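Dumped coords37.pdb below, it's PDB, C-alpha atoms:
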ATOM      1  CA  MET A   1      74.478 102.119 137.384
ATOM      2  CA  ALA A   2      74.768 104.618 140.253
ATOM      3  CA  ALA A   3      78.531 104.923 139.799
ATOM      4  CA  ALA A   4      78.139 105.310 136.037
ATOM      5  CA  SER A   5      75.473 107.983 136.558
ATOM      6  CA  GLU A   6      77.680 109.958 138.920
ATOM      7  CA  GLU A   7      80.553 109.789 136.453
ATOM      8  CA  ALA A   8      78.270 111.016 133.649
ATOM      9  CA  ILE A   9      77.120 113.953 135.791
ATOM     10  CA  LYS A  10      80.726 114.790 136.639
ATOM     11  CA  GLN A  11      81.790 114.729 132.978
ATOM     12  CA  PHE A  12      78.766 116.782 131.901
ATOM     13  CA  SER A  13      79.377 119.334 134.651
ATOM     14  CA  ALA A  14      82.993 119.753 133.557
ATOM     15  CA  LEU A  15      81.879 120.461 129.991
ATOM     16  CA  MET A  16      79.357 123.081 131.125
ATOM     17  CA  GLU A  17      81.984 124.868 133.231
ATOM     18  CA  GLN A  18      83.625 125.872 129.955
ATOM     19  CA  LEU A  19      80.668 128.047 128.922
ATOM     20  CA  GLU A  20      81.275 131.659 128.024
ATOM     21  CA  GLU A  21      78.840 134.530 127.620
ATOM     22  CA  PRO A  22      76.107 134.777 126.464
ATOM     23  CA  LEU A  23      75.631 131.002 126.874
ATOM     24  CA  LYS A  24      76.623 131.195 130.528
ATOM     25  CA  THR A  25      73.840 133.625 131.438
ATOM     26  CA  THR A  26      71.113 131.777 129.582
ATOM     27  CA  PHE A  27      72.271 128.532 131.227
ATOM     28  CA  GLN A  28      71.789 130.173 134.619
ATOM     29  CA  ASN A  29      68.212 130.967 133.606
ATOM     30  CA  VAL A  30      67.749 127.317 132.700
ATOM     31  CA  HIS A  31      69.095 125.734 135.870
ATOM     32  CA  GLN A  32      67.822 128.380 138.321
ATOM     33  CA  GLY A  33      70.447 127.351 140.860
ATOM     34  CA  ASN A  34      69.737 123.633 140.512
ATOM     35  CA  LEU A  35      72.690 122.714 138.320
ATOM     36  CA  ARG A  36      72.800 119.019 139.153
ATOM     37  CA  GLY A  37      69.075 118.515 138.592
ATOM     38  CA  THR A  38      69.296 120.226 135.212
ATOM     39  CA  LEU A  39      72.195 118.065 134.058
ATOM     40  CA  VAL A  40      70.309 114.944 135.170
ATOM     41  CA  ARG A  41      67.239 116.014 133.179
ATOM     42  CA  PHE A  42      69.190 116.331 129.940
ATOM     43  CA  LEU A  43      71.094 113.107 130.621
ATOM     44  CA  LYS A  44      67.830 111.214 131.153
ATOM     45  CA  ALA A  45      66.459 112.646 127.919
ATOM     46  CA  ARG A  46      69.438 111.203 126.051
ATOM     47  CA  GLU A  47      69.686 107.862 127.863
ATOM     48  CA  TRP A  48      72.684 109.026 129.944
ATOM     49  CA  SER A  49      74.924 109.641 126.948
ATOM     50  CA  VAL A  50      77.129 112.609 127.897
ATOM     51  CA  PRO A  51      77.951 113.651 124.281
ATOM     52  CA  LYS A  52      74.273 113.507 123.253
ATOM     53  CA  ALA A  53      73.071 115.293 126.390
ATOM     54  CA  HIS A  54      75.724 117.973 125.939
ATOM     55  CA  LYS A  55      74.689 118.555 122.323
ATOM     56  CA  MET A  56      71.035 118.704 123.347
ATOM     57  CA  LEU A  57      71.718 121.279 126.054
ATOM     58  CA  MET A  58      73.948 123.387 123.801
ATOM     59  CA  ASP A  59      71.259 123.338 121.098
ATOM     60  CA  CYS A  60      68.766 124.443 123.756
ATOM     61  CA  LEU A  61      70.967 127.319 124.928
ATOM     62  CA  ASN A  62      71.570 128.530 121.370
ATOM     63  CA  TRP A  63      67.829 128.292 120.660
ATOM     64  CA  ARG A  64      67.154 130.435 123.730
ATOM     65  CA  ILE A  65      69.648 133.089 122.619
ATOM     66  CA  GLN A  66      68.479 133.159 119.002
ATOM     67  CA  ASN A  67      64.841 133.517 120.051
ATOM     68  CA  GLU A  68      65.385 135.798 123.075
ATOM     69  CA  ILE A  69      63.730 133.313 125.423
ATOM     70  CA  ASP A  70      65.435 134.838 128.462
ATOM     71  CA  SER A  71      63.269 137.941 128.030
ATOM     72  CA  VAL A  72      60.039 136.200 126.962
ATOM     73  CA  LEU A  73      58.507 136.923 130.376
ATOM     74  CA  ALA A  74      58.877 140.625 129.613
ATOM     75  CA  LYS A  75      56.864 140.427 126.390
ATOM     76  CA  PRO A  76      53.155 140.473 127.249
ATOM     77  CA  ILE A  77      50.530 139.413 124.760
ATOM     78  CA  VAL A  78      48.480 142.551 124.208
ATOM     79  CA  PRO A  79      45.769 143.707 124.197
ATOM     80  CA  SER A  80      44.403 141.733 127.143
ATOM     81  CA  ALA A  81      41.391 140.715 125.031
ATOM     82  CA  LEU A  82      43.752 138.753 122.786
ATOM     83  CA  TYR A  83      45.305 137.023 125.779
ATOM     84  CA  ARG A  84      41.802 136.180 127.008
ATOM     85  CA  ALA A  85      40.996 134.671 123.606
ATOM     86  CA  ILE A  86      44.134 132.526 123.800
ATOM     87  CA  ARG A  87      43.153 131.330 127.270
ATOM     88  CA  ASP A  88      39.727 130.399 125.884
ATOM     89  CA  THR A  89      41.224 128.283 123.100
ATOM     90  CA  LEU A  90      44.439 126.881 124.643
ATOM     91  CA  LEU A  91      42.969 125.380 127.777
ATOM     92  CA  VAL A  92      45.535 125.076 130.519
ATOM     93  CA  GLY A  93      45.625 126.009 134.174
ATOM     94  CA  LEU A  94      47.331 125.437 137.498
ATOM     95  CA  THR A  95      44.944 123.706 139.892
ATOM     96  CA  GLY A  96      47.103 123.117 142.974
ATOM     97  CA  HIS A  97      49.838 120.788 144.177
ATOM     98  CA  SER A  98      50.263 117.077 144.657
ATOM     99  CA  LYS A  99      50.751 115.597 148.112
ATOM    100  CA  GLN A 100      54.494 115.623 147.329
ATOM    101  CA  GLY A 101      54.386 119.314 146.401
ATOM    102  CA  GLN A 102      54.527 119.121 142.613
ATOM    103  CA  PRO A 103      52.417 121.717 140.775
ATOM    104  CA  VAL A 104      49.366 120.158 139.098
ATOM    105  CA  TYR A 105      48.533 121.482 135.643
ATOM    106  CA  ALA A 106      45.285 120.737 133.838
ATOM    107  CA  PHE A 107      45.064 120.625 130.032
ATOM    108  CA  GLY A 108      41.833 120.575 128.071
ATOM    109  CA  VAL A 109      43.326 118.800 125.063
ATOM    110  CA  GLY A 110      40.077 117.802 123.390
ATOM    111  CA  LEU A 111      38.386 121.198 123.752
ATOM    112  CA  SER A 112      41.355 123.398 122.815
ATOM    113  CA  THR A 113      40.669 124.819 119.365
ATOM    114  CA  PHE A 114      43.711 127.077 118.737
ATOM    115  CA  ASP A 115      41.564 129.206 116.424
ATOM    116  CA  LYS A 116      41.524 132.717 117.914
ATOM    117  CA  ALA A 117      45.113 133.807 117.276
ATOM    118  CA  SER A 118      48.133 133.080 115.103
ATOM    119  CA  VAL A 119      50.360 130.080 115.731
ATOM    120  CA  ASN A 120      53.089 132.441 116.978
ATOM    121  CA  TYR A 121      50.878 133.706 119.787
ATOM    122  CA  TYR A 122      50.007 130.186 120.971
ATOM    123  CA  VAL A 123      53.677 129.169 120.944
ATOM    124  CA  GLN A 124      54.621 132.369 122.780
ATOM    125  CA  SER A 125      51.961 131.768 125.425
ATOM    126  CA  HIS A 126      53.097 128.183 125.921
ATOM    127  CA  ILE A 127      56.749 129.166 126.318
ATOM    128  CA  GLN A 128      55.788 131.893 128.776
ATOM    129  CA  MET A 129      53.916 129.273 130.801
ATOM    130  CA  ASN A 130      57.017 127.060 130.790
ATOM    131  CA  GLU A 131      59.334 129.877 131.846
ATOM    132  CA  TYR A 132      56.945 131.082 134.554
ATOM    133  CA  ARG A 133      56.742 127.506 135.858
ATOM    134  CA  ASP A 134      60.523 127.192 136.009
ATOM    135  CA  ARG A 135      61.309 130.663 137.362
ATOM    136  CA  VAL A 136      58.333 131.267 139.671
ATOM    137  CA  VAL A 137      56.019 128.279 140.257
ATOM    138  CA  LEU A 138      58.605 125.564 140.977
ATOM    139  CA  PRO A 139      60.796 127.777 143.225
ATOM    140  CA  ALA A 140      57.664 128.817 145.157
ATOM    141  CA  ALA A 141      56.628 125.156 145.543
ATOM    142  CA  SER A 142      60.134 124.240 146.736
ATOM    143  CA  LYS A 143      59.966 126.970 149.361
ATOM    144  CA  LYS A 144      56.436 126.039 150.444
ATOM    145  CA  PHE A 145      57.139 122.321 150.829
ATOM    146  CA  GLY A 146      60.683 122.670 152.133
ATOM    147  CA  ARG A 147      62.399 120.554 149.493
ATOM    148  CA  GLN A 148      63.674 120.858 145.937
ATOM    149  CA  ILE A 149      60.792 120.388 143.503
ATOM    150  CA  ASN A 150      61.793 120.187 139.849
ATOM    151  CA  THR A 151      58.824 118.535 138.133
ATOM    152  CA  CYS A 152      55.079 118.897 137.775
ATOM    153  CA  LEU A 153      52.102 116.626 137.112
ATOM    154  CA  LYS A 154      49.815 117.098 134.111
ATOM    155  CA  VAL A 155      46.220 115.946 133.893
ATOM    156  CA  MET A 156      45.123 115.776 130.263
ATOM    157  CA  ASP A 157      41.382 115.944 129.622
ATOM    158  CA  MET A 158      40.442 114.319 126.322
ATOM    159  CA  THR A 159      36.780 115.333 126.501
ATOM    160  CA  GLY A 160      35.649 116.621 123.114
ATOM    161  CA  LEU A 161      38.435 115.009 121.090
ATOM    162  CA  LYS A 162      37.018 114.383 117.620
ATOM    163  CA  LEU A 163      37.983 112.792 114.338
ATOM    164  CA  SER A 164      38.450 116.311 112.978
ATOM    165  CA  ALA A 165      41.321 116.947 115.404
ATOM    166  CA  LEU A 166      43.972 117.365 112.708
ATOM    167  CA  SER A 167      44.605 121.063 113.387
ATOM    168  CA  GLN A 168      44.914 120.301 117.095
ATOM    169  CA  ILE A 169      47.460 117.579 116.388
ATOM    170  CA  LYS A 170      49.613 119.956 114.356
ATOM    171  CA  MET A 171      49.613 122.594 117.099
ATOM    172  CA  LEU A 172      50.192 120.047 119.840
ATOM    173  CA  THR A 173      53.099 118.559 117.860
ATOM    174  CA  MET A 174      54.766 121.964 117.752
ATOM    175  CA  ILE A 175      54.285 122.474 121.491
ATOM    176  CA  THR A 176      55.532 118.971 122.258
ATOM    177  CA  THR A 177      58.623 119.523 120.114
ATOM    178  CA  VAL A 178      59.460 122.730 122.009
ATOM    179  CA  ASP A 179      59.076 120.876 125.318
ATOM    180  CA  ASP A 180      60.969 117.735 124.326
ATOM    181  CA  LEU A 181      64.018 119.586 123.034
ATOM    182  CA  ASN A 182      64.199 122.537 125.416
ATOM    183  CA  TYR A 183      62.321 121.608 128.611
ATOM    184  CA  PRO A 184      63.001 117.863 128.963
ATOM    185  CA  GLU A 185      61.925 115.812 131.967
ATOM    186  CA  LYS A 186      59.891 118.611 133.581
ATOM    187  CA  THR A 187      56.763 116.453 133.860
ATOM    188  CA  GLU A 188      56.872 113.456 136.166
ATOM    189  CA  THR A 189      53.535 111.925 135.120
ATOM    190  CA  TYR A 190      50.889 112.552 132.471
ATOM    191  CA  TYR A 191      47.420 111.432 133.536
ATOM    192  CA  ILE A 192      45.006 110.907 130.631
ATOM    193  CA  VAL A 193      41.336 111.177 131.623
ATOM    194  CA  ASN A 194      37.912 111.194 129.945
ATOM    195  CA  ALA A 195      39.356 109.434 126.914
ATOM    196  CA  PRO A 196      36.825 108.906 124.078
ATOM    197  CA  TYR A 197      37.073 106.104 121.551
ATOM    198  CA  VAL A 198      39.053 108.214 119.094
ATOM    199  CA  PHE A 199      41.822 108.617 121.691
ATOM    200  CA  THR A 200      41.763 104.940 122.600
ATOM    201  CA  ALA A 201      42.144 103.950 118.947
ATOM    202  CA  CYS A 202      45.031 106.359 118.377
ATOM    203  CA  TRP A 203      46.732 105.338 121.632
ATOM    204  CA  LYS A 204      46.930 101.743 120.440
ATOM    205  CA  VAL A 205      49.050 102.736 117.466
ATOM    206  CA  VAL A 206      51.076 105.413 119.264
ATOM    207  CA  LYS A 207      52.055 103.502 122.407
ATOM    208  CA  PRO A 208      54.373 101.007 120.646
ATOM    209  CA  LEU A 209      56.274 103.932 119.103
ATOM    210  CA  LEU A 210      57.149 105.524 122.426
ATOM    211  CA  GLN A 211      60.371 105.010 124.330
ATOM    212  CA  GLU A 212      60.012 102.991 127.516
ATOM    213  CA  ARG A 213      60.959 106.039 129.556
ATOM    214  CA  THR A 214      58.031 107.947 128.046
ATOM    215  CA  LYS A 215      55.569 105.069 128.390
ATOM    216  CA  LYS A 216      56.222 104.870 132.117
ATOM    217  CA  LYS A 217      55.224 108.515 132.492
ATOM    218  CA  ILE A 218      51.806 108.134 130.885
ATOM    219  CA  GLN A 219      48.849 106.738 132.815
ATOM    220  CA  VAL A 220      45.522 106.357 131.026
ATOM    221  CA  LEU A 221      42.901 106.403 133.766
ATOM    222  CA  TYR A 222      39.334 105.126 133.734
ATOM    223  CA  GLY A 223      36.704 107.818 133.274
ATOM    224  CA  SER A 224      37.515 111.054 135.068
ATOM    225  CA  GLY A 225      40.327 109.377 137.002
ATOM    226  CA  ARG A 226      39.074 110.851 140.244
ATOM    227  CA  ASP A 227      39.817 107.924 142.569
ATOM    228  CA  GLU A 228      43.304 107.332 141.189
ATOM    229  CA  LEU A 229      44.198 111.019 141.248
ATOM    230  CA  LEU A 230      43.070 111.373 144.854
ATOM    231  CA  LYS A 231      45.904 109.007 145.754
ATOM    232  CA  VAL A 232      48.433 111.636 144.662
ATOM    233  CA  MET A 233      46.595 114.923 145.322
ATOM    234  CA  ASP A 234      43.894 116.329 147.578
ATOM    235  CA  TYR A 235      40.373 117.020 146.307
ATOM    236  CA  GLU A 236      41.048 120.771 146.225
ATOM    237  CA  SER A 237      43.820 120.239 143.670
ATOM    238  CA  LEU A 238      41.731 118.084 141.321
ATOM    239  CA  PRO A 239      40.949 119.733 137.977
ATOM    240  CA  HIS A 240      37.247 120.483 137.600
ATOM    241  CA  PHE A 241      36.832 117.756 134.962
ATOM    242  CA  CYS A 242      37.967 115.114 137.471
ATOM    243  CA  LYS A 243      35.686 116.028 140.358
ATOM    244  CA  ARG A 244      32.812 113.882 139.112
ATOM    245  CA  GLU A 245      32.953 110.173 139.751
ATOM    246  CA  GLY A 246      31.900 109.303 136.205
ATOM    247  CA  SER A 247      33.542 110.278 132.940
ATOM    248  CA  GLY A 248      33.116 113.649 131.270
ATOM    249  CA  SER A 249      33.814 117.207 132.341
ATOM    250  CA  SER A 250      32.017 118.949 135.137
ATOM    251  CA  SER A 251      29.360 121.385 133.992
ATOM    252  CA  ASP A 252      29.985 123.722 136.914
ATOM    253  CA  SER A 253      30.967 126.974 135.223
ATOM    254  CA  LEU A 254      32.545 128.275 138.420
ATOM    255  CA  ASP A 255      34.963 125.361 138.369
ATOM    256  CA  VAL A 256      35.919 126.183 134.793
ATOM    257  CA  VAL A 257      37.027 129.633 135.975
ATOM    258  CA  PHE A 258      39.296 127.940 138.482
ATOM    259  CA  CYS A 259      40.986 125.898 135.794
ATOM    260  CA  TYR A 260      41.414 127.656 132.476
ATOM    261  CA  SER A 261      40.009 131.149 132.607
ATOM    262  CA  TYR A 262      41.893 134.389 132.102
ATOM    263  CA  ASP A 263      40.140 135.520 135.301
ATOM    264  CA  HIS A 264      41.634 132.721 137.404
ATOM    265  CA  PRO A 265      44.205 134.010 139.949
ATOM    266  CA  PHE A 266      46.999 131.952 138.361
ATOM    267  CA  HIS A 267      46.538 133.496 134.925
ATOM    268  CA  GLN A 268      46.071 136.948 136.419
ATOM    269  CA  GLN A 269      49.310 136.568 138.370
ATOM    270  CA  LEU A 270      51.181 135.300 135.306
ATOM    271  CA  TYR A 271      49.867 138.048 133.033
ATOM    272  CA  ASN A 272      50.546 140.790 135.585
ATOM    273  CA  TYR A 273      54.032 139.396 136.187
ATOM    274  CA  VAL A 274      54.821 139.608 132.469
ATOM    275  CA  LYS A 275      53.488 143.166 132.247
ATOM    276  CA  GLN A 276      55.562 144.234 135.269
ATOM    277  CA  GLN A 277      58.704 142.647 133.805
ATOM    278  CA  SER A 278      58.011 144.488 130.553
ATOM    279  CA  LEU A 279      57.875 147.819 132.355
ATOM    280  CA  LYS A 280      61.181 147.090 134.066
ATOM    281  CA  LEU A 281      62.792 146.210 130.756
ATOM    282  CA  ASP A 282      61.488 149.200 128.857
ATOM    283  CA  SER A 283      60.049 152.057 130.881
ATOM    284  CA  VAL A 284      59.720 154.311 127.848
ATOM    285  CA  GLY A 285      56.546 154.256 125.803
ATOM    286  CA  PRO A 286      53.551 151.907 125.673
ATOM    287  CA  ILE A 287      53.835 148.116 125.505
ATOM    288  CA  LYS A 288      54.304 147.055 121.898
ATOM    289  CA  GLN A 289      51.742 144.842 120.205
ATOM    290  CA  GLY A 290      52.628 141.892 118.024
ATOM    291  CA  SER A 291      53.556 138.280 118.604
ATOM    292  CA  LEU A 292      57.008 136.967 119.391
ATOM    293  CA  HIS A 293      58.221 134.797 116.533
ATOM    294  CA  VAL A 294      59.952 131.706 117.886
ATOM    295  CA  ASP A 295      61.636 129.221 115.614
ATOM    296  CA  VAL A 296      60.234 125.845 116.579
ATOM    297  CA  PRO A 297      62.794 123.099 115.943
ATOM    298  CA  SER A 298      61.742 120.437 113.482
ATOM    299  CA  PRO A 299      60.283 117.436 115.312
ATOM    300  CA  GLY A 300      62.430 114.352 115.645
ATOM    301  CA  LEU A 301      61.766 111.121 113.828
ATOM    302  CA  GLU A 302      59.784 109.781 116.781
ATOM    303  CA  GLU A 303      57.432 112.781 116.826
ATOM    304  CA  VAL A 304      56.964 112.639 113.043
ATOM    305  CA  LYS A 305      56.225 108.919 113.169
ATOM    306  CA  ILE A 306      53.681 109.436 115.947
ATOM    307  CA  ALA A 307      51.946 112.270 114.102
ATOM    308  CA  GLU A 308      51.752 110.283 110.896
ATOM    309  CA  SER A 309      50.412 107.243 112.765
ATOM    310  CA  ILE A 310      47.670 109.368 114.340
ATOM    311  CA  GLU A 311      46.725 110.777 110.963
ATOM    312  CA  SER A 312      46.567 107.294 109.501
ATOM    313  CA  GLU A 313      44.364 106.057 112.342
ATOM    314  CA  LEU A 314      42.013 109.042 112.053
ATOM    315  CA  HIS A 315      41.778 108.325 108.335
ATOM    316  CA  LYS A 316      40.802 104.717 109.047
ATOM    317  CA  LEU A 317      38.214 105.743 111.641
ATOM    318  CA  ARG A 318      36.567 108.027 109.109
ATOM    319  CA  GLY A 319      36.467 105.257 106.544
ATOM    320  CA  GLY A 320      38.988 106.978 104.313
ATOM    321  CA  ASN A 321      36.587 109.854 103.645
ATOM    322  CA  GLY A 322      36.434 113.426 104.779
ATOM    323  CA  LEU A 323      40.016 113.847 105.924
ATOM    324  CA  THR A 324      40.948 116.424 103.360
ATOM    325  CA  HIS A 325      44.147 117.855 104.782
ATOM    326  CA  SER A 326      47.230 115.693 104.732
ATOM    327  CA  PHE A 327      49.540 115.772 107.723
ATOM    328  CA  ASP A 328      52.755 116.943 106.139
ATOM    329  CA  ARG A 329      55.836 116.624 108.264
ATOM    330  CA  ILE A 330      56.002 119.799 110.252
ATOM    331  CA  LYS A 331      59.059 121.787 109.298
ATOM    332  CA  ILE A 332      59.459 125.236 110.729
ATOM    333  CA  GLU A 333      62.102 127.276 108.985
ATOM    334  CA  GLY A 334      65.050 128.050 111.148
ATOM    335  CA  PRO A 335      66.968 131.311 111.297
TER
END

Output the structure of this file as structure tokens.
Amino acid sequence: MAAASEEAIKQFSALMEQLEEPLKTTFQNVHQGNLRGTLVRFLKAREWSVPKAHKMLMDCLNWRIQNEIDSVLAKPIVPSALYRAIRDTLLVGLTGHSKQGQPVYAFGVGLSTFDKASVNYYVQSHIQMNEYRDRVVLPAASKKFGRQINTCLKVMDMTGLKLSALSQIKMLTMITTVDDLNYPEKTETYYIVNAPYVFTACWKVVKPLLQERTKKKIQVLYGSGRDELLKVMDYESLPHFCKREGSGSSSDSLDVVFCYSYDHPFHQQLYNYVKQQSLKLDSVGPIKQGSLHVDVPSPGLEEVKIAESIESELHKLRGGNGLTHSFDRIKIEGP
């Protein structure tokens, strides 16, 4: 397999050497100097098929050009009150690093409501987080730990997940589709914690639909997952909702600031970085308001099947009553 893998990387690399502008520049923004690691990521995502990986990467590069992703970190979400509202309803934060140096991100899946801004703003914020991770966070981690670090860990808090989570599922499906098609293999492990019954029931129907490669990345931990997580990260890097030995989120409001809040140093640094990049790009006039419209690719058959299975399970859990909005296959119009 090693020889076959090396040959696949060699073939893929030869194909990418043929790139011309503007694809060449946007590809440089993707690989950030780690060409081999980037090719391996796309090969893994397509089971080491060079033609499929090449198509996936070319689709990604064209998507970046069509949606001006290379300059997304120069397009701040303004006013700051709107960005604060997004941070209050799309709960994500950087809590530290693993013992191996990977950035640790915390996601409040169950308590994210996505109800204080338009879909475009939430997608824009998510993509900015991805680009900031790839251009700033991962290079800084590589420098700090003295080795190439290409992936992160994600701790997903399911506290608050309810049967009425349909709107959350739709938004999360869009975000997942963006990640799967354009930022593949950037997460080494997903740790699921504080999982209520509704998650457990949905997981039973979703797990069989996942590829083996994806299954191996997901670990559903007991309760808050504290003991298991301490094997891979220090206490200081634990998300606040994992610092209690039992299940459920910590009630310490100061800890919440450290994880999700607009006032946390990570979000302040990210937001200030975007504003500074904006001033460099356009030094004339005030920063323009308005969201960046990004065309989200239609989810693949696997994502659609998973979403429909979750809807079906939620419908069963509610006894067939009260689920008034059907989960239509998400189709975002392309350019």

Residue contacts of stretch 128-132 of chain A (8 Å, all atoms listed in the file) excluding same-chain residues fewer than 4 positions away, as a VMD selection string: chain A and resid 72 to 73 124 136 to 137 183 270

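Comparing A:Lys280, A:Met233, A:Tyr191, A:Pro196 by their smallest distance to A:Lys215, the closest is A:Tyr191 (using all atoms listed in the file).
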
Point (67.9, 115.7, 128.2) neighbourhood (7 Å, all atoms listed in the file) written as a ChimeraX atom specification: /A:41-46,53,56,184

One number please: atom CA of A:Val78 to atom CA of A:Asp134, in Å, one decimal. 22.8 Å

Nearest candidate to A:Gly96 (options A:Ala8, A:Val193, A:Leu138, A:Ile175; using all atoms listed in the file):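 Counting all atoms listed in the file, the residue closest to A:Gly96 is A:Leu138.
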
Suppose a student applies the PyMOL selection byres ((chain A and resi 142-155) around 7) to this structure; what residues should they get, written as a ChimeraX atom specification? /A:101-107,138-141,156-157,186-192

re atom CA of A:Leu314 and atom CA of A:Leu91: distance 22.7 Å

For this structure, which residues satisfy the selection - the PyMOL selection byres ((chain A and resi 209) around 8) - when it is evaluated on the file as given? I want them as a PDB file with C-alpha atoms, keeping the file's coordinate frame.
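Final file, expr.pdb:
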ATOM      1  CA  VAL A 205      49.050 102.736 117.466  1.00  0.00           C
ATOM      2  CA  VAL A 206      51.076 105.413 119.264  1.00  0.00           C
ATOM      3  CA  LYS A 207      52.055 103.502 122.407  1.00  0.00           C
ATOM      4  CA  PRO A 208      54.373 101.007 120.646  1.00  0.00           C
ATOM      5  CA  LEU A 210      57.149 105.524 122.426  1.00  0.00           C
ATOM      6  CA  GLN A 211      60.371 105.010 124.330  1.00  0.00           C
ATOM      7  CA  GLU A 302      59.784 109.781 116.781  1.00  0.00           C
ATOM      8  CA  LYS A 305      56.225 108.919 113.169  1.00  0.00           C
ATOM      9  CA  ILE A 306      53.681 109.436 115.947  1.00  0.00           C
TER      10      ILE A 306
END

Using Å and a single decimal, report how far atom CA of A:Leu172 sits from atom CA of A:Val220.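 Atom CA of A:Leu172 lies at a distance of 18.3 Å from atom CA of A:Val220.
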
Find the axis-aligned box for stretch 118-136 of chain A, covering all its listed atoms and adding 6 Å on each side, and write its centre and edge lengths in Å to one decimal as AutoDock Vina command-line options.
--center_x 54.7 --center_y 130.4 --center_z 127.4 --size_x 25.2 --size_y 18.6 --size_z 36.6

Find, counting only C-alpha atoms, the residue in A:Leu317, A:Asn182, A:Ala307, A:Asp115 that gets nearest to A:Tyr197.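 Once distances to A:Tyr197 are computed over only C-alpha atoms, the minimum belongs to A:Leu317.
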
Given the point (47.7, 107.9, 139.3) in the coordinates of this file, which residues lie within 7 Å, counting all atoms listed in the file, and how would they look as a list in words?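 Collected hits near the coordinates: Tyr191, Gln219, Glu228, Leu229, Lys231 and Val232 of chain A.
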
Within 10 Å of stretch 4-6 of chain A, counting all atoms listed in the file, which residues show up once you throw out same-chain ones fewer than 3 positions away? Write them as JSON, numbers by chain, please. {"A": [1, 9, 10, 11, 12, 40, 43, 44, 48, 49, 50]}

Let me know the residues the PyMOL selection byres ((chain A and resi 274) around 8) catches in the file above, as a PDB file with C-alpha atoms, keeping the file's coordinate frame.
ATOM      1  CA  LEU A  73      58.507 136.923 130.376  1.00  0.00           C
ATOM      2  CA  ALA A  74      58.877 140.625 129.613  1.00  0.00           C
ATOM      3  CA  LYS A  75      56.864 140.427 126.390  1.00  0.00           C
ATOM      4  CA  PRO A  76      53.155 140.473 127.249  1.00  0.00           C
ATOM      5  CA  LEU A 270      51.181 135.300 135.306  1.00  0.00           C
ATOM      6  CA  TYR A 271      49.867 138.048 133.033  1.00  0.00           C
ATOM      7  CA  ASN A 272      50.546 140.790 135.585  1.00  0.00           C
ATOM      8  CA  TYR A 273      54.032 139.396 136.187  1.00  0.00           C
ATOM      9  CA  LYS A 275      53.488 143.166 132.247  1.00  0.00           C
ATOM     10  CA  GLN A 276      55.562 144.234 135.269  1.00  0.00           C
ATOM     11  CA  GLN A 277      58.704 142.647 133.805  1.00  0.00           C
ATOM     12  CA  SER A 278      58.011 144.488 130.553  1.00  0.00           C
TER      13      SER A 278
END

Among listed residues A:Asp59, A:Glu313, A:Glu20, A:Asp180, nearest A:Gly300 (using all atoms listed in the file):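 Nearest candidate to A:Gly300 out of A:Asp59, A:Glu313, A:Glu20, A:Asp180: A:Asp180.
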
From A:Ile310, A:Leu61, A:Ala3, A:Leu15, residue lying nearest A:His31 [all atoms listed in the file]: A:Leu61

For A:Asp88: contacts at 9 Å, all atoms listed in the file, fewer than 4 positions along chain excluded, given as a PyMOL selection string: chain A and resi 83-84+112-114+116+260-262

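Nearest residue to A:Gly108, choosing from A:Thr159, A:Gly37, A:Pro22, A:Cys202 and counting only C-alpha atoms: A:Thr159.
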
Please provide the set of residues having any atom within 10 Å of A:Met16, restricted to all atoms listed in the file, with same-chain residues fewer than 2 positions apart removed, written as an MDAnalysis selection string. chainID A and resid 11:14 18:20 23:24 27 35 39 54 57:58

Fix up stretch 78-84 of chain A with N, CA, C and O atoms, then write it as an mmCIF file, keeping the file's coordinate frame.
data_model
loop_
_atom_site.group_PDB
_atom_site.id
_atom_site.type_symbol
_atom_site.label_atom_id
_atom_site.label_comp_id
_atom_site.auth_asym_id
_atom_site.auth_seq_id
_atom_site.Cartn_x
_atom_site.Cartn_y
_atom_site.Cartn_z
ATOM 1 N N VAL A 78 49.434 141.452 124.095
ATOM 2 C CA VAL A 78 48.480 142.551 124.208
ATOM 3 C C VAL A 78 47.721 142.718 122.900
ATOM 4 O O VAL A 78 48.225 142.342 121.838
ATOM 5 N N PRO A 79 46.473 143.279 122.988
ATOM 6 C CA PRO A 79 45.769 143.707 124.197
ATOM 7 C C PRO A 79 45.315 142.512 125.038
ATOM 8 O O PRO A 79 45.396 141.365 124.602
ATOM 9 N N SER A 80 44.811 142.800 126.229
ATOM 10 C CA SER A 80 44.403 141.733 127.143
ATOM 11 C C SER A 80 43.280 140.885 126.558
ATOM 12 O O SER A 80 43.163 139.706 126.880
ATOM 13 N N ALA A 81 42.470 141.472 125.669
ATOM 14 C CA ALA A 81 41.391 140.715 125.031
ATOM 15 C C ALA A 81 41.964 139.579 124.182
ATOM 16 O O ALA A 81 41.363 138.506 124.083
ATOM 17 N N LEU A 82 43.110 139.801 123.572
ATOM 18 C CA LEU A 82 43.752 138.753 122.786
ATOM 19 C C LEU A 82 44.249 137.642 123.705
ATOM 20 O O LEU A 82 44.104 136.460 123.402
ATOM 21 N N TYR A 83 44.837 138.035 124.833
ATOM 22 C CA TYR A 83 45.305 137.023 125.779
ATOM 23 C C TYR A 83 44.129 136.219 126.322
ATOM 24 O O TYR A 83 44.228 135.002 126.498
ATOM 25 N N ARG A 84 43.005 136.892 126.554
ATOM 26 C CA ARG A 84 41.802 136.180 127.008
ATOM 27 C C ARG A 84 41.345 135.175 125.954
ATOM 28 O O ARG A 84 40.968 134.034 126.281
#
